[in-house]
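K.L.:
Quick one: structure below, then a few questions.
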Amino acid sequence: MRFHTEYHYFNTKTKRELINITSQVEEAVSKCSIKEGMALVSAMHITAGVIVNDHEPGLWQDIDEWVEKLAPFREDYRHHRTGETNGDAHLKSLLVHH
Amino acid sequence: MRFHTEYHYFNTKTKRELINITSQVEEAVSKCSIKEGMALVSAMHITAGVIVNDHEPGLWQDIDEWVEKLAPFREDYRHHRTGETNGDAHLKSLLVHH
Amino acid sequence: MRFHTEYHYFNTKTKRELINITSQVEEAVSKCSIKEGMALVSAMHITAGVIVNDHEPGLWQDIDEWVEKLAPFREDYRHHRTGETNGDAHLKSLLVHH
């Protein structure tokens, strides 16, 4: 049984950003020469998520607007009493998994 | 270490449909004689999802109405500029995981 | 290849409760002496879920209010015709994964 682990770091240019990591995942999978197994792709950050979906810019914008609608930015999240301002991002990340 | 992979194909009769695949998963697991391990059940389609929940028709309808409420069909999704008309299905699939 | 499985049981004091199980997961992982692998943490109940997020009480309340907003308690869920009254909990669990 083999395992192969890679860590990739991403810096977004805007507050909220969708990054296509398909090629990185494909490379990692092919690099490790595992023919049958599982690939776990996990966002190691609590305001980020990993989704599998269509690589289509219109849809990306739809998703962006949709998460804002369901988990809007608001001043008055209780989480903001800590000094942070990203309560909405924590909720949005729940919508786009781990 | 053993792996066992199966592909199952489902054709829905209606635009949106909930299919109970519990018995297929159970069979696949028992067939491969793995006593301790992980079963990954993944919807290999970006407008489909896999959930674990109660096998109760009333709940299924509640879930169906709920995803329509949170991710309603709309004409004006940007994704529709591609000619597709299933923007809502892409969003709904986010609600019901991968 | 090794596997290590643990079952933990939790009884909530209130109808809806967020329990921090980070230390239980850490202990389980360190106990089994697996250096590289996957940890599957799964809520074995259809009105419960497992999320990874900030251990901050304000955020926990934000999440609690948020799931109530997106999947509110209602008398008239079809699921309630079975005599149950937790239709909202089934929907809420979809928001917080498996």
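Residues are named by chain letter and number: chains run A, B, ... in the order of the structure tokens, numbers start at 1 in each chain, and ligands are numbered from 1 in the order shown.
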Please produce chain B as a compact mmCIF listing (two decimals) with N, CA and C atoms, in the first residue's frame once it has been superposed on chain C, the fit using all Cα atoms paired in sequence order.

P.N.:
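The resulting superposed.txt:
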```txt
# COMPACT_ATOMS: atom_id res chain seq x y z
N MET B 1 -0.73 -2.50 5.29
CA MET B 1 -1.80 -1.51 5.41
C MET B 1 -2.60 -1.73 6.68
N ARG B 2 -2.74 -0.68 7.45
CA ARG B 2 -3.48 -0.83 8.69
C ARG B 2 -4.72 0.03 8.70
N PHE B 3 -5.71 -0.45 9.40
CA PHE B 3 -6.88 0.36 9.66
C PHE B 3 -7.12 0.43 11.15
N HIS B 4 -7.68 1.52 11.56
CA HIS B 4 -8.02 1.67 12.97
C HIS B 4 -9.38 2.35 13.02
N THR B 5 -10.33 1.72 13.67
CA THR B 5 -11.68 2.27 13.73
C THR B 5 -12.11 2.50 15.17
N GLU B 6 -12.70 3.64 15.40
CA GLU B 6 -13.25 3.93 16.72
C GLU B 6 -14.67 4.47 16.56
N TYR B 7 -15.50 4.12 17.53
CA TYR B 7 -16.84 4.69 17.57
C TYR B 7 -16.97 5.54 18.82
N HIS B 8 -17.43 6.74 18.64
CA HIS B 8 -17.66 7.63 19.78
C HIS B 8 -19.14 7.99 19.82
N TYR B 9 -19.67 8.03 21.01
CA TYR B 9 -21.09 8.35 21.18
C TYR B 9 -21.24 9.68 21.89
N PHE B 10 -22.13 10.48 21.37
CA PHE B 10 -22.36 11.80 21.95
C PHE B 10 -23.84 12.00 22.23
N ASN B 11 -24.15 12.47 23.42
CA ASN B 11 -25.52 12.85 23.73
C ASN B 11 -25.58 14.35 23.90
N THR B 12 -26.41 14.98 23.08
CA THR B 12 -26.51 16.43 23.18
C THR B 12 -27.47 16.81 24.30
N LYS B 13 -27.21 17.97 24.87
CA LYS B 13 -28.07 18.43 25.96
C LYS B 13 -29.23 19.25 25.40
N THR B 14 -29.00 19.89 24.27
CA THR B 14 -30.05 20.68 23.65
C THR B 14 -30.39 20.06 22.30
N LYS B 15 -31.48 20.55 21.72
CA LYS B 15 -31.98 20.00 20.47
C LYS B 15 -30.92 20.07 19.37
N ARG B 16 -30.18 21.17 19.37
CA ARG B 16 -29.15 21.36 18.35
C ARG B 16 -27.89 21.77 19.07
N GLU B 17 -26.83 21.10 18.77
CA GLU B 17 -25.62 21.36 19.54
C GLU B 17 -24.38 21.12 18.69
N LEU B 18 -23.40 21.96 18.93
CA LEU B 18 -22.13 21.81 18.24
C LEU B 18 -21.11 21.27 19.24
N ILE B 19 -20.55 20.12 18.96
CA ILE B 19 -19.60 19.50 19.87
C ILE B 19 -18.22 19.46 19.21
N ASN B 20 -17.24 19.95 19.89
CA ASN B 20 -15.87 19.97 19.38
C ASN B 20 -15.22 18.61 19.62
N ILE B 21 -14.96 17.86 18.56
CA ILE B 21 -14.40 16.51 18.72
C ILE B 21 -12.94 16.45 18.25
N THR B 22 -12.32 17.61 18.12
CA THR B 22 -10.94 17.66 17.62
C THR B 22 -10.01 16.77 18.44
N SER B 23 -10.10 16.85 19.77
CA SER B 23 -9.15 16.09 20.60
C SER B 23 -9.40 14.58 20.46
N GLN B 24 -10.66 14.16 20.34
CA GLN B 24 -10.94 12.73 20.13
C GLN B 24 -10.33 12.24 18.82
N VAL B 25 -10.44 13.07 17.78
CA VAL B 25 -9.89 12.67 16.47
C VAL B 25 -8.36 12.62 16.56
N GLU B 26 -7.77 13.63 17.18
CA GLU B 26 -6.31 13.66 17.35
C GLU B 26 -5.82 12.42 18.10
N GLU B 27 -6.50 12.09 19.20
CA GLU B 27 -6.12 10.91 19.98
C GLU B 27 -6.22 9.64 19.16
N ALA B 28 -7.32 9.51 18.43
CA ALA B 28 -7.51 8.30 17.63
C ALA B 28 -6.39 8.17 16.60
N VAL B 29 -6.04 9.28 15.99
CA VAL B 29 -4.98 9.25 14.97
C VAL B 29 -3.63 8.92 15.60
N SER B 30 -3.32 9.53 16.73
CA SER B 30 -2.00 9.28 17.33
C SER B 30 -1.94 7.87 17.91
N LYS B 31 -3.04 7.39 18.44
CA LYS B 31 -3.10 6.05 19.04
C LYS B 31 -2.74 4.95 18.04
N CYS B 32 -3.13 5.14 16.78
CA CYS B 32 -3.00 4.03 15.82
C CYS B 32 -1.64 4.04 15.12
N SER B 33 -0.80 5.03 15.42
CA SER B 33 0.57 5.05 14.88
C SER B 33 0.63 4.95 13.36
N ILE B 34 -0.32 5.53 12.70
CA ILE B 34 -0.27 5.59 11.24
C ILE B 34 0.31 6.95 10.86
N LYS B 35 1.41 6.92 10.13
CA LYS B 35 2.13 8.16 9.84
C LYS B 35 1.54 8.89 8.63
N GLU B 36 1.14 8.11 7.64
CA GLU B 36 0.59 8.74 6.45
C GLU B 36 -0.66 7.97 6.05
N GLY B 37 -1.75 8.66 5.89
CA GLY B 37 -2.98 7.96 5.58
C GLY B 37 -4.15 8.91 5.56
N MET B 38 -5.34 8.37 5.68
CA MET B 38 -6.54 9.19 5.68
C MET B 38 -7.30 8.94 6.97
N ALA B 39 -7.86 10.01 7.50
CA ALA B 39 -8.78 9.86 8.62
C ALA B 39 -10.18 10.19 8.12
N LEU B 40 -11.07 9.23 8.24
CA LEU B 40 -12.47 9.47 7.89
C LEU B 40 -13.25 9.70 9.18
N VAL B 41 -13.81 10.88 9.32
CA VAL B 41 -14.61 11.20 10.50
C VAL B 41 -16.04 11.38 10.04
N SER B 42 -16.87 10.45 10.37
CA SER B 42 -18.21 10.44 9.80
C SER B 42 -19.27 10.42 10.89
N ALA B 43 -20.27 11.28 10.72
CA ALA B 43 -21.39 11.29 11.66
C ALA B 43 -22.33 10.16 11.26
N MET B 44 -22.44 9.16 12.11
CA MET B 44 -23.25 7.99 11.76
C MET B 44 -24.71 8.23 12.11
N HIS B 45 -25.18 9.41 11.85
CA HIS B 45 -26.58 9.70 12.13
C HIS B 45 -27.06 10.71 11.11
N ILE B 46 -28.31 10.51 10.64
CA ILE B 46 -28.77 11.31 9.51
C ILE B 46 -29.29 12.69 9.88
N THR B 47 -29.24 13.05 11.14
CA THR B 47 -29.50 14.45 11.47
C THR B 47 -28.28 15.08 12.14
N ALA B 48 -27.13 14.51 11.88
CA ALA B 48 -25.88 15.05 12.41
C ALA B 48 -24.91 15.26 11.25
N GLY B 49 -23.89 16.04 11.48
CA GLY B 49 -22.89 16.28 10.45
C GLY B 49 -21.55 16.57 11.07
N VAL B 50 -20.51 16.50 10.25
CA VAL B 50 -19.17 16.80 10.73
C VAL B 50 -18.60 17.94 9.89
N ILE B 51 -18.19 19.00 10.54
CA ILE B 51 -17.54 20.10 9.82
C ILE B 51 -16.18 20.38 10.44
N VAL B 52 -15.31 20.94 9.62
CA VAL B 52 -14.03 21.44 10.11
C VAL B 52 -14.13 22.96 10.07
N ASN B 53 -14.01 23.59 11.22
CA ASN B 53 -14.07 25.05 11.21
C ASN B 53 -13.46 25.61 12.48
N ASP B 54 -13.59 26.90 12.61
CA ASP B 54 -12.94 27.63 13.69
C ASP B 54 -13.59 27.28 15.03
N HIS B 55 -12.78 27.07 16.06
CA HIS B 55 -13.29 26.80 17.39
C HIS B 55 -13.50 28.14 18.11
N GLU B 56 -14.57 28.79 17.74
CA GLU B 56 -14.83 30.14 18.26
C GLU B 56 -16.33 30.26 18.53
N PRO B 57 -16.73 30.41 19.80
CA PRO B 57 -18.14 30.36 20.18
C PRO B 57 -19.05 31.29 19.38
N GLY B 58 -18.55 32.48 19.03
CA GLY B 58 -19.37 33.39 18.25
C GLY B 58 -19.71 32.78 16.89
N LEU B 59 -18.71 32.20 16.27
CA LEU B 59 -18.94 31.55 14.97
C LEU B 59 -19.90 30.39 15.11
N TRP B 60 -19.76 29.65 16.18
CA TRP B 60 -20.67 28.52 16.38
C TRP B 60 -22.11 29.00 16.40
N GLN B 61 -22.36 30.13 17.08
CA GLN B 61 -23.72 30.67 17.11
C GLN B 61 -24.15 31.16 15.73
N ASP B 62 -23.19 31.77 15.01
CA ASP B 62 -23.49 32.21 13.64
C ASP B 62 -23.92 31.01 12.78
N ILE B 63 -23.19 29.91 12.93
CA ILE B 63 -23.51 28.71 12.15
C ILE B 63 -24.89 28.19 12.54
N ASP B 64 -25.15 28.18 13.84
CA ASP B 64 -26.44 27.70 14.33
C ASP B 64 -27.59 28.52 13.76
N GLU B 65 -27.44 29.84 13.77
CA GLU B 65 -28.50 30.72 13.23
C GLU B 65 -28.61 30.57 11.71
N TRP B 66 -27.48 30.35 11.10
CA TRP B 66 -27.44 30.25 9.64
C TRP B 66 -28.18 29.00 9.15
N VAL B 67 -27.93 27.87 9.80
CA VAL B 67 -28.63 26.65 9.36
C VAL B 67 -30.13 26.77 9.65
N GLU B 68 -30.48 27.50 10.72
CA GLU B 68 -31.91 27.70 11.00
C GLU B 68 -32.55 28.59 9.93
N LYS B 69 -31.77 29.54 9.42
CA LYS B 69 -32.30 30.44 8.39
C LYS B 69 -32.48 29.69 7.06
N LEU B 70 -31.50 28.88 6.70
CA LEU B 70 -31.56 28.19 5.40
C LEU B 70 -32.45 26.95 5.44
N ALA B 71 -32.58 26.35 6.60
CA ALA B 71 -33.42 25.15 6.71
C ALA B 71 -34.23 25.26 7.99
N PRO B 72 -35.20 26.18 7.98
CA PRO B 72 -35.92 26.51 9.23
C PRO B 72 -36.83 25.37 9.72
N PHE B 73 -37.07 25.36 11.00
CA PHE B 73 -38.10 24.48 11.52
C PHE B 73 -39.43 24.92 10.92
N ARG B 74 -40.20 23.96 10.46
CA ARG B 74 -41.55 24.24 9.96
C ARG B 74 -42.44 23.08 10.37
N GLU B 75 -43.71 23.40 10.60
CA GLU B 75 -44.65 22.33 10.96
C GLU B 75 -44.92 21.42 9.77
N ASP B 76 -44.93 22.02 8.58
CA ASP B 76 -45.56 21.34 7.44
C ASP B 76 -44.60 20.56 6.53
N TYR B 77 -43.45 20.15 7.04
CA TYR B 77 -42.63 19.26 6.21
C TYR B 77 -43.39 17.96 5.97
N ARG B 78 -43.29 17.44 4.78
CA ARG B 78 -43.96 16.17 4.47
C ARG B 78 -43.46 15.05 5.37
N HIS B 79 -42.18 15.14 5.74
CA HIS B 79 -41.59 14.13 6.60
C HIS B 79 -42.35 14.00 7.93
N HIS B 80 -43.04 15.07 8.32
CA HIS B 80 -43.74 15.06 9.61
C HIS B 80 -45.00 14.20 9.59
N ARG B 81 -45.45 13.84 8.40
CA ARG B 81 -46.61 12.94 8.31
C ARG B 81 -46.29 11.57 8.88
N THR B 82 -45.01 11.29 9.05
CA THR B 82 -44.62 10.01 9.65
C THR B 82 -44.72 10.05 11.17
N GLY B 83 -45.01 11.24 11.70
CA GLY B 83 -45.05 11.39 13.15
C GLY B 83 -43.81 12.08 13.69
N GLU B 84 -42.76 12.10 12.87
CA GLU B 84 -41.54 12.79 13.31
C GLU B 84 -41.72 14.31 13.22
N THR B 85 -40.85 15.03 13.89
CA THR B 85 -40.97 16.49 13.88
C THR B 85 -39.63 17.14 13.52
N ASN B 86 -38.73 16.35 12.96
CA ASN B 86 -37.37 16.84 12.76
C ASN B 86 -36.98 17.03 11.29
N GLY B 87 -37.97 17.34 10.45
CA GLY B 87 -37.67 17.56 9.04
C GLY B 87 -36.55 18.56 8.83
N ASP B 88 -36.60 19.63 9.61
CA ASP B 88 -35.56 20.64 9.47
C ASP B 88 -34.17 20.09 9.79
N ALA B 89 -34.08 19.19 10.75
CA ALA B 89 -32.78 18.63 11.15
C ALA B 89 -32.19 17.80 10.01
N HIS B 90 -33.05 17.09 9.27
CA HIS B 90 -32.56 16.33 8.11
C HIS B 90 -31.97 17.28 7.06
N LEU B 91 -32.64 18.40 6.83
CA LEU B 91 -32.14 19.36 5.85
C LEU B 91 -30.89 20.07 6.37
N LYS B 92 -30.92 20.47 7.62
CA LYS B 92 -29.75 21.12 8.20
C LYS B 92 -28.52 20.23 8.10
N SER B 93 -28.72 18.92 8.29
CA SER B 93 -27.56 18.02 8.25
C SER B 93 -26.93 18.00 6.85
N LEU B 94 -27.76 18.25 5.82
CA LEU B 94 -27.19 18.33 4.47
C LEU B 94 -26.23 19.51 4.36
N LEU B 95 -26.53 20.58 5.08
CA LEU B 95 -25.67 21.77 5.04
C LEU B 95 -24.34 21.55 5.74
N VAL B 96 -24.33 20.64 6.70
CA VAL B 96 -23.08 20.43 7.46
C VAL B 96 -22.45 19.07 7.16
N HIS B 97 -22.76 18.56 5.97
CA HIS B 97 -22.05 17.38 5.48
C HIS B 97 -22.35 16.10 6.26
N HIS B 98 -21.51 15.10 6.08
CA HIS B 98 -21.81 13.78 6.65
C HIS B 98 -20.89 13.47 7.84
```

K.L.:
Check chain A with DSSP on the backbone and list each residue it calls helix (DSSP H, G or I), as number ranges by chain.

P.N.:
A: 22-31, 57-70, 78-82, 87-95
